[in-house]
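*Asks:* What follows is protein01.txt, made up of compact mmCIF, C-alpha atoms:
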```txt
# COMPACT_ATOMS: atom_id res chain seq x y z
CA MET Z 14 -27.28 72.60 18.86
CA LYS Z 15 -25.49 69.42 19.96
CA GLN Z 16 -26.02 68.52 23.61
CA GLN Z 17 -22.84 68.53 25.71
CA THR Z 18 -22.53 66.44 28.85
CA ALA Z 19 -20.30 67.90 31.54
CA THR Z 20 -17.54 65.67 32.84
CA VAL Z 21 -17.03 65.87 36.60
CA THR Z 22 -15.06 64.09 39.30
CA ALA Z 23 -17.00 61.90 41.71
CA GLY Z 24 -15.93 63.96 44.73
CA SER Z 25 -17.28 67.20 43.24
CA LEU Z 26 -20.90 66.01 43.03
CA SER Z 27 -23.39 67.52 45.46
CA ARG Z 28 -25.39 65.24 47.74
CA ARG Z 29 -28.50 65.89 45.61
CA ASP Z 30 -26.72 64.98 42.37
CA THR Z 31 -25.27 61.87 43.98
CA VAL Z 32 -28.72 60.72 45.17
CA ILE Z 33 -30.26 61.35 41.73
CA SER Z 34 -27.43 59.42 40.08
CA ILE Z 35 -27.87 56.49 42.48
CA LEU Z 36 -31.62 56.39 41.73
CA ILE Z 37 -31.01 56.36 37.96
CA VAL Z 38 -28.36 53.66 38.19
CA GLY Z 39 -30.68 51.74 40.53
CA LEU Z 40 -33.26 51.68 37.72
CA LEU Z 41 -30.59 50.27 35.41
CA PHE Z 42 -29.81 47.50 37.89
CA PHE Z 43 -33.52 46.68 38.12
CA VAL Z 44 -33.56 46.21 34.35
CA PHE Z 45 -30.36 44.10 34.52
CA GLY Z 46 -32.04 41.90 37.10
CA PHE Z 47 -35.30 41.50 35.19
CA VAL Z 48 -33.59 40.50 31.95
CA THR Z 49 -31.06 38.26 33.70
CA TRP Z 50 -33.12 36.34 36.24
CA VAL Z 51 -35.97 35.55 33.87
CA ASN Z 52 -33.56 32.84 32.66
CA ALA Z 53 -34.53 30.87 35.78
CA ILE Z 54 -37.94 30.18 34.21
CA LEU Z 55 -36.68 30.05 30.61
CA ILE Z 56 -34.38 27.09 31.38
CA PRO Z 57 -37.11 24.63 32.49
CA TYR Z 58 -39.56 26.08 29.95
CA PHE Z 59 -37.19 25.59 27.00
CA LYS Z 60 -36.30 22.14 28.35
CA ILE Z 61 -39.95 21.12 27.89
CA ALA Z 62 -40.84 23.05 24.73
CA CYS Z 63 -37.59 22.29 22.85
CA GLU Z 64 -37.15 18.76 24.29
CA LEU Z 65 -33.71 19.26 25.85
CA SER Z 66 -31.39 17.41 28.22
CA ASN Z 67 -30.10 19.06 31.43
CA PHE Z 68 -26.89 20.00 29.63
CA GLN Z 69 -28.70 21.48 26.63
CA SER Z 70 -31.13 23.46 28.79
CA TYR Z 71 -28.28 25.14 30.71
CA LEU Z 72 -26.92 26.43 27.40
CA VAL Z 73 -29.43 29.24 28.04
CA ALA Z 74 -27.13 30.53 30.77
CA PHE Z 75 -24.03 29.71 28.70
CA ALA Z 76 -25.17 31.67 25.62
CA PHE Z 77 -26.30 34.61 27.76
CA TYR Z 78 -23.16 34.98 29.86
CA ILE Z 79 -20.37 33.88 27.51
CA SER Z 80 -20.99 37.16 25.67
CA TYR Z 81 -19.36 38.94 28.62
CA PHE Z 82 -16.07 37.24 27.76
CA PHE Z 83 -16.12 38.62 24.22
CA MET Z 84 -17.63 42.05 24.88
CA SER Z 85 -16.17 43.30 28.16
CA VAL Z 86 -12.83 44.66 26.89
CA PRO Z 87 -14.35 46.18 23.71
CA ALA Z 88 -16.97 47.76 25.99
CA SER Z 89 -14.25 49.54 27.97
CA TYR Z 90 -12.87 51.11 24.78
CA LEU Z 91 -16.40 52.03 23.70
CA LEU Z 92 -16.98 53.79 27.02
CA LYS Z 93 -13.62 55.52 26.76
CA ALA Z 94 -14.61 56.83 23.31
CA VAL Z 95 -18.25 57.87 23.90
CA GLY Z 96 -18.58 58.13 27.69
CA PHE Z 97 -20.78 56.38 30.20
CA LYS Z 98 -24.17 57.70 29.03
CA LYS Z 99 -23.90 57.05 25.30
CA GLY Z 100 -22.34 53.69 26.09
CA MET Z 101 -25.33 52.74 28.24
CA MET Z 102 -27.70 53.82 25.46
CA ILE Z 103 -25.89 51.60 22.96
CA GLY Z 104 -26.03 48.72 25.44
CA PHE Z 105 -29.80 49.03 25.81
CA TRP Z 106 -30.28 49.15 22.04
CA VAL Z 107 -28.21 46.00 21.51
CA MET Z 108 -30.31 44.23 24.15
CA SER Z 109 -33.45 45.39 22.36
CA LEU Z 110 -32.22 43.75 19.15
CA GLY Z 111 -31.53 40.50 20.99
CA ALA Z 112 -35.06 40.43 22.42
CA LEU Z 113 -36.50 40.89 18.91
CA ILE Z 114 -34.70 37.75 17.74
CA PHE Z 115 -36.95 35.71 20.03
CA ILE Z 116 -39.81 36.30 17.59
CA PRO Z 117 -38.41 34.32 14.61
CA ALA Z 118 -36.94 31.80 17.05
CA ALA Z 119 -40.37 31.11 18.51
CA TYR Z 120 -42.09 30.87 15.11
CA THR Z 121 -39.61 28.20 14.00
CA ARG Z 122 -39.07 26.58 17.45
CA THR Z 123 -35.34 26.71 16.78
CA TYR Z 124 -33.34 26.54 20.00
CA GLU Z 125 -30.14 27.77 18.31
CA ILE Z 126 -31.85 31.03 17.28
CA PHE Z 127 -33.04 31.53 20.86
CA LEU Z 128 -29.43 31.08 21.99
CA ALA Z 129 -28.30 33.67 19.42
CA GLY Z 130 -30.86 36.14 20.80
CA LEU Z 131 -29.70 35.49 24.36
CA PHE Z 132 -26.08 35.99 23.26
CA ILE Z 133 -26.90 39.40 21.75
CA ILE Z 134 -28.86 40.43 24.86
CA GLY Z 135 -25.76 39.48 26.83
CA LEU Z 136 -23.54 41.63 24.59
CA GLY Z 137 -25.64 44.69 25.36
CA LEU Z 138 -25.78 43.84 29.04
CA ALA Z 139 -21.96 43.52 29.11
CA VAL Z 140 -21.70 47.14 27.94
CA LEU Z 141 -24.18 48.27 30.59
CA GLN Z 142 -22.46 46.32 33.36
CA THR Z 143 -19.03 47.62 32.34
CA ALA Z 144 -20.38 51.14 32.72
CA ALA Z 145 -22.68 50.84 35.73
CA ASN Z 146 -20.57 48.83 38.19
CA PRO Z 147 -17.48 51.06 38.29
CA TYR Z 148 -19.79 54.09 38.08
CA ILE Z 149 -21.60 53.20 41.32
CA THR Z 150 -18.31 52.11 42.93
CA ILE Z 151 -16.64 55.52 42.45
CA LEU Z 152 -19.83 57.53 43.07
CA GLY Z 153 -18.86 58.39 46.65
CA PRO Z 154 -16.39 57.33 49.38
CA LYS Z 155 -14.73 53.96 48.73
CA GLU Z 156 -15.35 52.89 52.37
CA SER Z 157 -19.11 52.85 51.71
CA ALA Z 158 -18.94 51.47 48.16
CA ALA Z 159 -20.21 48.05 49.32
CA ALA Z 160 -23.28 49.73 50.83
CA ARG Z 161 -24.04 51.52 47.53
CA ILE Z 162 -23.52 48.30 45.60
CA SER Z 163 -25.86 46.57 48.06
CA ILE Z 164 -28.55 49.13 47.16
CA MET Z 165 -27.98 48.25 43.50
CA GLY Z 166 -28.20 44.58 44.49
CA ILE Z 167 -31.62 45.13 46.02
CA CYS Z 168 -32.79 46.68 42.76
CA ASN Z 169 -31.26 43.79 40.78
CA LYS Z 170 -32.55 40.97 42.96
CA GLY Z 171 -35.88 42.68 43.55
CA ALA Z 172 -36.39 42.48 39.79
CA GLY Z 173 -35.20 38.90 39.98
CA ILE Z 174 -37.97 38.05 42.44
CA VAL Z 175 -40.74 39.41 40.23
CA ALA Z 176 -39.29 38.50 36.81
CA PRO Z 177 -39.81 34.70 36.94
CA LEU Z 178 -43.21 35.17 38.56
CA ILE Z 179 -44.41 37.74 36.00
CA PHE Z 180 -42.97 35.77 33.11
CA ALA Z 181 -44.47 32.53 34.43
CA ALA Z 182 -47.84 34.26 34.82
CA VAL Z 183 -47.67 35.37 31.18
CA ILE Z 184 -46.50 32.11 29.57
CA LEU Z 185 -47.88 29.43 31.92
CA LYS Z 186 -51.51 28.46 32.42
CA ALA Z 187 -53.20 26.73 35.34
CA THR Z 188 -53.88 23.69 33.13
CA ASP Z 189 -50.25 23.30 32.03
CA GLY Z 190 -49.51 20.73 34.73
CA ASP Z 191 -51.90 18.28 33.04
CA LEU Z 192 -50.62 19.30 29.60
CA PHE Z 193 -47.01 18.51 30.54
CA LYS Z 194 -48.11 15.05 31.72
CA GLU Z 195 -50.01 14.42 28.47
CA LEU Z 196 -46.96 15.42 26.43
CA ALA Z 197 -45.14 12.32 27.66
CA HIS Z 198 -47.69 10.17 25.81
CA MET Z 199 -47.98 12.28 22.64
CA THR Z 200 -46.16 11.57 19.38
CA GLY Z 201 -45.86 12.92 15.86
CA ASP Z 202 -47.80 15.94 14.60
CA ALA Z 203 -49.99 16.24 17.70
CA ARG Z 204 -46.92 16.55 19.94
CA ASN Z 205 -45.25 19.06 17.61
CA ALA Z 206 -48.40 21.19 17.48
CA VAL Z 207 -48.56 21.41 21.27
CA LEU Z 208 -44.84 22.23 21.54
CA ASP Z 209 -45.14 24.92 18.82
CA ALA Z 210 -48.02 26.53 20.71
CA LEU Z 211 -46.03 26.43 23.96
CA ILE Z 212 -42.94 28.12 22.60
CA ARG Z 213 -44.88 30.85 20.78
CA ARG Z 214 -46.13 32.13 24.12
CA VAL Z 215 -42.79 33.96 24.52
CA ILE Z 216 -43.37 36.17 21.45
CA ALA Z 217 -45.59 38.83 23.04
CA PRO Z 218 -43.56 39.34 26.25
CA TYR Z 219 -40.25 39.61 24.40
CA ALA Z 220 -41.71 42.04 21.86
CA VAL Z 221 -42.71 44.26 24.80
CA VAL Z 222 -39.26 43.82 26.38
CA SER Z 223 -37.61 44.92 23.13
CA VAL Z 224 -39.63 48.14 22.96
CA VAL Z 225 -39.00 48.93 26.64
CA LEU Z 226 -35.24 48.39 26.31
CA PHE Z 227 -35.04 50.71 23.29
CA ALA Z 228 -36.98 53.41 25.17
CA LEU Z 229 -34.73 53.04 28.23
CA GLY Z 230 -31.68 53.62 26.05
CA CYS Z 231 -33.12 56.93 24.91
CA MET Z 232 -34.06 57.86 28.48
CA VAL Z 233 -30.55 57.26 29.86
CA ARG Z 234 -28.92 59.21 27.05
CA PHE Z 235 -30.91 62.34 27.90
CA SER Z 236 -31.06 61.84 31.69
CA PRO Z 237 -29.26 64.16 34.18
CA LEU Z 238 -26.75 61.37 34.93
CA PRO Z 239 -23.32 63.10 34.99
CA GLU Z 240 -20.22 61.85 33.22
CA ILE Z 241 -17.58 60.98 35.84
CA ASP Z 242 -13.93 61.52 35.00
CA THR Z 243 -11.88 58.36 35.60
CA GLU Z 244 -8.92 59.34 33.42
CA HIS Z 245 -7.23 61.72 35.86
CA GLU Z 246 -5.68 60.37 39.06
CA ASP Z 247 -5.11 62.15 42.34
CA ALA Z 248 -1.53 62.61 43.47
CA ALA Z 249 -1.37 59.55 45.75
CA VAL Z 250 -2.81 57.18 43.14
CA ALA Z 251 -0.66 58.66 40.37
CA SER Z 252 2.47 58.14 42.48
CA ALA Z 253 1.54 54.52 43.29
CA ASN Z 254 0.79 53.79 39.63
CA ALA Z 255 3.88 55.50 38.24
CA GLY Z 256 5.56 53.24 35.71
CA LYS Z 257 2.60 50.88 35.44
CA THR Z 258 1.56 50.21 31.87
CA SER Z 259 -0.83 47.26 32.14
CA ILE Z 260 -3.74 46.11 34.26
CA PHE Z 261 -1.87 42.82 34.72
CA GLN Z 262 0.41 44.72 37.09
CA PHE Z 263 -2.46 44.85 39.61
CA PRO Z 264 -2.66 41.37 41.22
CA HIS Z 265 -5.62 42.30 43.42
CA LEU Z 266 -7.57 43.15 40.25
CA ILE Z 267 -6.74 39.96 38.33
CA LEU Z 268 -7.41 37.78 41.37
CA GLY Z 269 -10.61 39.77 41.93
CA ALA Z 270 -11.75 39.07 38.36
CA LEU Z 271 -11.27 35.35 38.99
CA ALA Z 272 -13.21 35.77 42.24
CA ILE Z 273 -16.05 37.41 40.29
CA PHE Z 274 -15.92 34.54 37.75
CA LEU Z 275 -16.45 31.98 40.50
CA HIS Z 276 -18.89 34.07 42.55
CA VAL Z 277 -21.34 34.78 39.74
CA GLY Z 278 -21.17 31.15 38.71
CA THR Z 279 -22.17 30.02 42.19
CA GLN Z 280 -24.92 32.62 42.26
CA VAL Z 281 -26.51 31.62 38.96
CA VAL Z 282 -26.25 27.90 39.82
CA ALA Z 283 -28.09 28.55 43.09
CA ILE Z 284 -30.91 30.39 41.30
CA ASP Z 285 -31.17 28.77 37.87
CA THR Z 286 -30.95 25.14 39.07
CA ILE Z 287 -33.31 25.28 42.01
CA ILE Z 288 -36.45 24.69 39.92
CA GLY Z 289 -34.87 21.58 38.44
CA TYR Z 290 -33.77 20.45 41.91
CA ALA Z 291 -37.32 20.92 43.17
CA GLY Z 292 -38.49 18.84 40.21
CA SER Z 293 -36.24 15.99 41.36
CA MET Z 294 -38.36 15.98 44.55
CA HIS Z 295 -41.51 15.60 42.37
CA ILE Z 296 -42.57 19.21 42.89
CA PRO Z 297 -44.47 20.38 39.76
CA LEU Z 298 -43.19 23.36 37.75
CA LEU Z 299 -46.17 25.55 38.69
CA GLU Z 300 -45.18 25.15 42.36
CA ALA Z 301 -41.40 25.08 41.87
CA LYS Z 302 -41.41 28.44 40.03
CA THR Z 303 -41.46 30.25 43.40
CA PHE Z 304 -38.14 28.87 44.65
CA PRO Z 305 -35.88 31.31 42.72
CA SER Z 306 -37.85 34.11 44.39
CA TYR Z 307 -37.10 32.67 47.84
CA THR Z 308 -33.39 32.59 47.00
CA LEU Z 309 -33.46 36.18 45.79
CA PHE Z 310 -35.48 37.29 48.82
CA VAL Z 311 -32.84 36.08 51.28
CA THR Z 312 -30.24 37.74 49.04
CA ILE Z 313 -32.05 41.03 49.52
CA CYS Z 314 -32.07 40.41 53.28
CA GLY Z 315 -28.28 40.14 53.07
CA TYR Z 316 -28.10 43.39 51.11
CA LEU Z 317 -30.17 45.18 53.75
CA LEU Z 318 -27.77 43.97 56.42
CA GLY Z 319 -24.89 45.24 54.32
CA ILE Z 320 -26.45 48.68 53.91
CA SER Z 321 -27.12 48.98 57.65
CA LEU Z 322 -23.80 47.55 58.90
CA ILE Z 323 -21.11 48.56 56.34
CA PRO Z 324 -18.85 50.35 57.22
CA ARG Z 325 -20.19 51.43 60.62
CA VAL Z 326 -20.23 47.99 62.28
CA ILE Z 327 -18.35 45.70 59.91
CA SER Z 328 -15.81 46.40 57.17
CA GLN Z 329 -16.29 45.42 53.53
CA ALA Z 330 -13.51 42.84 53.85
CA ASN Z 331 -14.99 41.18 56.97
CA ALA Z 332 -18.46 41.03 55.40
CA LEU Z 333 -16.89 39.31 52.39
CA ARG Z 334 -15.14 36.80 54.68
CA VAL Z 335 -18.33 35.89 56.53
CA CYS Z 336 -20.32 35.38 53.32
CA THR Z 337 -17.71 33.24 51.57
CA ILE Z 338 -17.38 30.93 54.60
CA LEU Z 339 -21.18 30.60 54.78
CA GLY Z 340 -21.25 29.65 51.09
CA ALA Z 341 -18.87 26.75 51.70
CA VAL Z 342 -20.84 25.58 54.75
CA PHE Z 343 -24.22 25.73 52.97
CA THR Z 344 -22.82 23.79 49.99
CA LEU Z 345 -21.77 20.94 52.28
CA ALA Z 346 -25.23 21.04 53.89
CA ILE Z 347 -26.93 20.66 50.46
CA VAL Z 348 -24.98 17.47 49.79
CA TYR Z 349 -25.06 15.90 53.26
CA MET Z 350 -28.27 17.06 54.98
CA HIS Z 351 -31.38 14.88 54.51
CA GLY Z 352 -34.91 14.89 55.86
CA GLU Z 353 -38.41 15.92 54.82
CA VAL Z 354 -39.66 19.31 56.02
CA ARG Z 355 -42.83 21.36 55.52
CA LEU Z 356 -42.07 25.06 55.03
CA LEU Z 357 -43.98 27.90 53.33
CA GLY Z 358 -46.54 25.39 52.12
CA HIS Z 359 -43.98 23.12 50.43
CA VAL Z 360 -43.10 19.56 51.44
CA THR Z 361 -39.46 19.09 50.42
CA ASP Z 362 -36.13 17.66 51.42
CA ILE Z 363 -34.36 20.07 53.78
CA SER Z 364 -31.41 20.37 51.40
CA ILE Z 365 -33.33 22.62 48.98
CA TRP Z 366 -33.57 25.28 51.70
CA PHE Z 367 -29.78 25.36 51.90
CA VAL Z 368 -29.81 26.10 48.15
CA VAL Z 369 -32.14 28.98 49.03
CA MET Z 370 -29.74 30.09 51.78
CA LEU Z 371 -26.91 30.31 49.25
CA GLY Z 372 -28.70 33.50 48.24
CA PHE Z 373 -27.83 34.97 51.64
CA ALA Z 374 -24.23 33.72 51.45
CA ASN Z 375 -23.83 35.27 48.00
CA SER Z 376 -25.43 38.60 48.92
CA LEU Z 377 -22.37 40.66 49.89
CA VAL Z 378 -19.72 38.84 47.87
CA TRP Z 379 -20.15 40.96 44.72
CA ALA Z 380 -20.38 44.14 46.80
CA GLY Z 381 -17.26 43.15 48.73
CA ILE Z 382 -15.10 42.19 45.74
CA TRP Z 383 -15.70 45.22 43.50
CA PRO Z 384 -14.34 48.04 45.71
CA LEU Z 385 -11.43 45.88 46.87
CA ALA Z 386 -10.47 44.92 43.31
CA LEU Z 387 -10.81 48.44 41.83
CA ASP Z 388 -8.99 50.13 44.70
CA GLY Z 389 -6.13 52.32 43.46
CA LEU Z 390 -6.56 51.65 39.71
CA GLY Z 391 -6.85 55.33 38.80
CA ARG Z 392 -6.64 55.76 35.02
CA PHE Z 393 -6.93 51.97 34.64
CA THR Z 394 -10.43 51.94 36.19
CA LYS Z 395 -12.49 51.48 33.00
CA LEU Z 396 -10.23 48.78 31.61
CA GLY Z 397 -10.03 47.15 35.04
CA ALA Z 398 -13.82 47.16 35.24
CA SER Z 399 -13.99 45.47 31.85
CA VAL Z 400 -11.75 42.68 33.13
CA MET Z 401 -14.05 42.30 36.13
CA ILE Z 402 -17.10 42.16 33.87
CA MET Z 403 -15.33 39.56 31.75
CA GLY Z 404 -15.45 37.44 34.88
CA LEU Z 405 -19.23 37.29 34.47
CA CYS Z 406 -18.70 34.54 31.91
CA GLY Z 407 -18.50 32.35 35.01
CA ASN Z 408 -22.29 32.46 34.76
CA ALA Z 409 -21.88 30.64 31.45
CA MET Z 410 -19.40 28.00 32.59
CA LEU Z 411 -20.61 26.79 35.98
CA PRO Z 412 -24.26 26.02 35.05
CA VAL Z 413 -23.04 23.93 32.10
CA ILE Z 414 -20.59 22.09 34.35
CA TYR Z 415 -23.41 21.59 36.85
CA GLY Z 416 -25.62 20.21 34.04
CA LEU Z 417 -22.91 17.78 32.92
CA VAL Z 418 -22.37 16.49 36.46
CA ALA Z 419 -26.15 16.26 36.97
CA ASP Z 420 -26.48 14.11 33.83
CA MET Z 421 -23.56 11.92 34.94
CA TYR Z 422 -24.66 11.49 38.57
CA ASN Z 423 -27.68 13.43 39.87
CA VAL Z 424 -28.82 17.01 40.48
CA ARG Z 425 -27.93 16.85 44.18
CA LEU Z 426 -24.33 15.67 43.86
CA ALA Z 427 -23.82 18.24 41.10
CA TYR Z 428 -23.79 20.96 43.78
CA TRP Z 429 -20.28 19.75 44.68
CA VAL Z 430 -19.05 22.00 41.84
CA LEU Z 431 -19.70 24.99 44.12
CA PHE Z 432 -17.40 23.94 46.96
CA PRO Z 433 -13.98 24.67 45.38
CA CYS Z 434 -15.41 27.99 44.14
CA TYR Z 435 -16.21 29.08 47.68
CA LEU Z 436 -12.78 27.94 48.91
CA TYR Z 437 -11.13 30.30 46.41
CA LEU Z 438 -13.46 33.12 47.45
CA VAL Z 439 -12.41 32.58 51.07
CA PHE Z 440 -8.76 32.88 49.93
CA TYR Z 441 -9.46 36.19 48.15
CA ALA Z 442 -11.42 37.57 51.11
CA PHE Z 443 -8.60 36.86 53.57
CA TYR Z 444 -5.48 37.35 51.45
CA GLY Z 445 -5.88 37.85 47.70
CA TYR Z 446 -7.26 41.40 47.78
CA LYS Z 447 -4.19 42.64 49.69
CA LEU Z 448 -1.67 41.73 46.98
CA ARG Z 449 -0.20 44.72 45.15
CA SER Z 450 2.70 42.87 43.51
CA TRP Z 451 3.17 39.41 42.03
CA ARG Z 452 6.51 39.16 43.82
CA ARG Z 453 6.88 38.22 47.46
CA PRO Z 454 8.05 41.22 49.54
```
Show how you would write the structure in this file as structure tokens.

*Replies:*
Amino acid sequence: MKQQTATVTAGSLSRRDTVISILIVGLLFFVFGFVTWVNAILIPYFKIACELSNFQSYLVAFAFYISYFFMSVPASYLLKAVGFKKGMMIGFWVMSLGALIFIPAAYTRTYEIFLAGLFIIGLGLAVLQTAANPYITILGPKESAAARISIMGICNKGAGIVAPLIFAAVILKATDGDLFKELAHMTGDARNAVLDALIRRVIAPYAVVSVVLFALGCMVRFSPLPEIDTEHEDAAVASANAGKTSIFQFPHLILGALAIFLHVGTQVVAIDTIIGYAGSMHIPLLEAKTFPSYTLFVTICGYLLGISLIPRVISQANALRVCTILGAVFTLAIVYMHGEVRLLGHVTDISIWFVVMLGFANSLVWAGIWPLALDGLGRFTKLGASVMIMGLCGNAMLPVIYGLVADMYNVRLAYWVLFPCYLYLVFYAFYGYKLRSWRRP
């Protein structure tokens, strides 16, 4: 007998069902984080093993995230056709296929095949994100949506802390510091043999990742996660949306998607470039690998503040305003602050710790934008969410722009690319989210 999944409205769920649903979706966000933030170690690793420039190495982030641009809208129609649960299962299976592609890529040491695998992983993740983000947003009162999203952020960034460390522990050896120095003096077949051996270290971990992702798809499909009805609007929303035929008639959504584009770009630049920035201070890779974890740790601290303070002490909008202003201030500090400091066992320029602190500034931006941008969409929620997820291609664009500027000038001045992004986010936090019409009243 074919299994039927009941469709319910978010408000009709019991407290127990809501908690179970949040735990399941939290697991999904942990997986998102693990697969996503492992790129922080893949970028410098591929740069060495595949002999890449800064620009070429940041194509890892480009290939991974540009898939959101192509897949987000199709994902919304997929979810509309098969529902949240089957859609998530399909997303996991597509990611599993992408992870498998790393095996032939590693055997041939072909960077383009690695990029193809990352692109396919991104396609599957776009489906999952299109389902999971609006799901957790509507799974309870909208006033506390930022707090729920902050819980998901802890799961996501918690995975991000352990992912580079676990992956580095699997693929890096204690003697690799000397090996990387010797590579500079190697040529010909000897050099190629060492590089082939280096890149093939990714085969075993990505084979395991592929199997785990396939199994997770099956688990979600048959989990007690309820289908939530987003097609029927309550009377107030239906009245406000009467006569609207397109998501482009919701300015706060479109401006919010652009805000997501810029926010995720700033976030991935802060995390995926910090190892390279540490390298510019002559910090070896085996030591620098911990810096993404510091950035993600302070992000989690921001999430914990959000959970404890929103909406009891501070509103979602005010939290967003504080974080966006901090992002702009920390960016200026990266460029202008100088001086050697010793902290957590590292001797570095003080500016790298402001890159770390961007994690705190970024912590509540995603959680603040989503409920504000999806507010009042009603039957347009799934399609609106797909437009928001499309904004994740900002993760593809900004690291590449950073890499270009770094090659033209240096890795420090390249952080200037973040400043105009934060200025726009400040605009959205103070004014953009309030717009309900493109015309002036």

*Asks:* For a test of reading the model, state the distance in Å between atom CA of Z:Val222 and atom CA of Z:Gly130, rounded to one decimal.

*Replies:* 12.7 Å

*Asks:* Work out how far apart atom CA of Z:Phe310 and atom CA of Z:Ala172 are and give it in Å to one decimal.

*Replies:*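 Rounded to one decimal, the two atoms are 10.5 Å apart.
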
*Asks:* Pick out the residues sitting within 9 Å of stretch 285-290 of chain Z, and hand them over as a list of chain:residue names; count only C-alpha atoms, and ignore anything fewer than 4 positions along from it in its own chain.

*Replies:*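 With the cut-off at 9 Å, the set is Z:Trp50, Z:Asn52, Z:Ala53, Z:Ile54, Z:Ile56, Z:Pro57, Z:Asn67, Z:Tyr71, Z:Ala74, Z:Gln280, Z:Val281, Z:Met294, Z:Ile296, Z:Leu298, Z:Ala301, Z:Lys302, Z:Thr303, Z:Phe304, Z:Pro305, Z:Thr308, Z:Ile365, Z:Val368, Z:Val369, Z:Pro412, Z:Tyr415, Z:Gly416, Z:Val424, Z:Arg425.
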
*Asks:* Could you list, as a ChimeraX atom specification, every residue within 9 Å of Z:Phe115, counting only C-alpha atoms and ignoring same-chain residues fewer than 5 positions away?

*Replies:* /Z:120,126-127,129-131,215-216,219-220

*Asks:* I'd like to know which of Z:Ala203, Z:Ala160, Z:Gly445, Z:Met350 is closest to Z:Ala332, using only C-alpha atoms.

*Replies:*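 Closest to Z:Ala332, using only C-alpha atoms: Z:Ala160.
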
*Asks:* Residues near Z:Ser80, anyone? I mean within 10 Å using all atoms listed in the file, not counting same-chain ones fewer than 4 positions away, as a count of residues only.

*Replies:* 17
